[in-house]
Every structure is written in C-alpha cells, then in structure tokens.
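A.B. asks: Below you will find the structure I want to go over with you.
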Amino acid sequence: MPETTNNIVLDKSLDFALRIVRLCHYLNEEKREFVLSKELLISGTNIGRHARAAVGAENRETFISEFGVARRRALETEYWLLVLFHGKILTEQEYDSIEADRLELVKIISSIHSSSRSSN
C-alpha cells in the first residue's frame, strides 16, 4: 500500500468517514433518526471511497473524475448536515465541529481537482 502512505487526502477522508460513522451511530441510538442518518452515512463515507479510487486510478482522466465525484459527495454531505442542524437534530456545536472537518477536506479535494484539471 505504498501509494497511500502519508497521503493527506486519504488520511483526512478516512478520519472524516470514521467521524460520520460515529455520528450516524449516535443519530440512530440517541436521536432515533434513521433516514437522514443513512443519507449522511452514504455521502460522508463515499468521499474517501472516491478519493482512494482517484489515488489508485489507472489514468489521469479517471484521477480527475474520481476527485470530482469526491468533491460532489462532500457537497452532498454538507446538505445532509445542514438538514440535521436546521431540523434541530444536531446542536450548533455538533454541526460546527463536523462541518469544520468537512470544509477542510473539501478544500483539499477541490485544490487537487482544480490543479489536476488545469495541468491537463
């Protein structure tokens, strides 16, 4: 697995996915929220899945495409977090904490995606 060693986007996307899993478990167990948490689980964990696919891509086009999908999944995750926050299921503190991590991740992914497209 040498291509993934010390890779900031893979490390951060895995950390974020694990936070999402824990948050969804909390939403299920404590808040009894199942539908929105499932949507959040799918979008939040798919960010890393697509980042990993990009890193392992066989060509530049796939690399760029997978990072584009990862970015869209990060934006979709933002939507579900906003729904949970404005629906008063997440507190402001809970929302702000995970949103800061999501925003950091989307900035990294957007930077990689943008620079890859411009050098193509």
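So you can find residues: chains in the structure tokens are A, B, ... in the order shown, residues in each start at 1, and ligands are numbered from 1 in order.
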Would you write out, as a Markdown table, a table of all residues in segment 46-89 of chain A that have an atom no more than 12 Å from an atom of segment 5-20 of chain A, listing for each the closest atom pair and the distance in Å to one decimal, considering only C-alpha atoms and ordering rows by chain and rising residue number?
C.D. replies:
| residue | atom | partner | partner_atom | distance |
| --- | --- | --- | --- | --- |
| A:Asn46 | CA | A:Ala17 | CA | 8.0 |
| A:Ile47 | CA | A:Ser13 | CA | 6.5 |
| A:Gly48 | CA | A:Ser13 | CA | 4.7 |
| A:Arg49 | CA | A:Ser13 | CA | 8.4 |
| A:His50 | CA | A:Ser13 | CA | 9.6 |
| A:Ala51 | CA | A:Leu10 | CA | 6.6 |
| A:Arg52 | CA | A:Leu10 | CA | 6.5 |
| A:Ala53 | CA | A:Leu10 | CA | 10.1 |
| A:Ala54 | CA | A:Leu10 | CA | 10.0 |
| A:Val55 | CA | A:Leu10 | CA | 8.5 |
| A:Gly56 | CA | A:Leu10 | CA | 11.1 |
| A:Phe67 | CA | A:Val9 | CA | 10.4 |
| A:Ala70 | CA | A:Ser13 | CA | 9.6 |
| A:Arg71 | CA | A:Ser13 | CA | 11.2 |
| A:Arg73 | CA | A:Ser13 | CA | 11.4 |
| A:Ala74 | CA | A:Ser13 | CA | 9.9 |
| A:Thr77 | CA | A:Ile20 | CA | 9.6 |
| A:Glu78 | CA | A:Ile20 | CA | 11.8 |
| A:Trp80 | CA | A:Ile20 | CA | 11.3 |
| A:Leu81 | CA | A:Ile20 | CA | 10.2 |
A.B. asks: Identify, with DSSP run on backbone atoms, the residues in segment 11-93 of chain A assigned to alpha helix (DSSP H), and express the list as a PyMOL selection string.
C.D. replies: chain A and resi 11-29+35-55+60-86+92-93
A.B. asks: Find the spatial neighbours of Ser116 of chain A, counting only C-alpha atoms, within a cut-off of 12 Å - ignore same-chain residues fewer than 2 positions away - and output them as a ChimeraX atom specification.
C.D. replies: /A:54,59-68,109-114,118-120
A.B. asks: Rounded to one decimal, what separation in Å do you get between atom CA of Glu58 of chain A and atom CA of Thr45 of chain A?
C.D. replies: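 Calculated distance between atom CA of Glu58 of chain A and atom CA of Thr45 of chain A is 22.3 Å.
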A.B. asks: Go through A:Leu105, A:Leu75, A:Leu36, A:Leu41 one by one, measure the shortest atom-to-atom distance of each to Gly87 of chain A using only C-alpha atoms, and give the residue with the smallest value.
C.D. replies: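 Counting only C-alpha atoms, the residue closest to Gly87 of chain A is A:Leu36.
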A.B. asks: Could you tell me which of A:Leu103, A:Leu84, A:Ala57, A:Ile98 comes closest to Lys31 of chain A if we count only C-alpha atoms?
C.D. replies: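 Nearest to Lys31 of chain A: A:Leu84.
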A.B. asks: At what distance in Å, to one decimal, does atom CA of Phe34 of chain A lie from atom CA of Val69 of chain A?
C.D. replies: 24.8 Å
A.B. asks: Name all residues at most 8 Å from Tyr95 of chain A (count only C-alpha atoms; drop same-chain ones fewer than 3 positions away) and give them as a ChimeraX atom specification.
C.D. replies: /A:81-82,85,90-92,98-99
A.B. asks: For a test of reading the model, state the distance in Å between atom CA of Leu40 of chain A and atom CA of Cys24 of chain A, rounded to one decimal.
C.D. replies: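 Going from atom CA of Leu40 of chain A over to atom CA of Cys24 of chain A, I get 7.4 Å.
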A.B. asks: Looking at only C-alpha atoms, which of A:Glu39, A:Arg117, A:Ser97, A:Lys107 is the one that sits closest to Leu27 of chain A?
C.D. replies: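 Comparing A:Glu39, A:Arg117, A:Ser97, A:Lys107 against Leu27 of chain A, the winner is A:Glu39.
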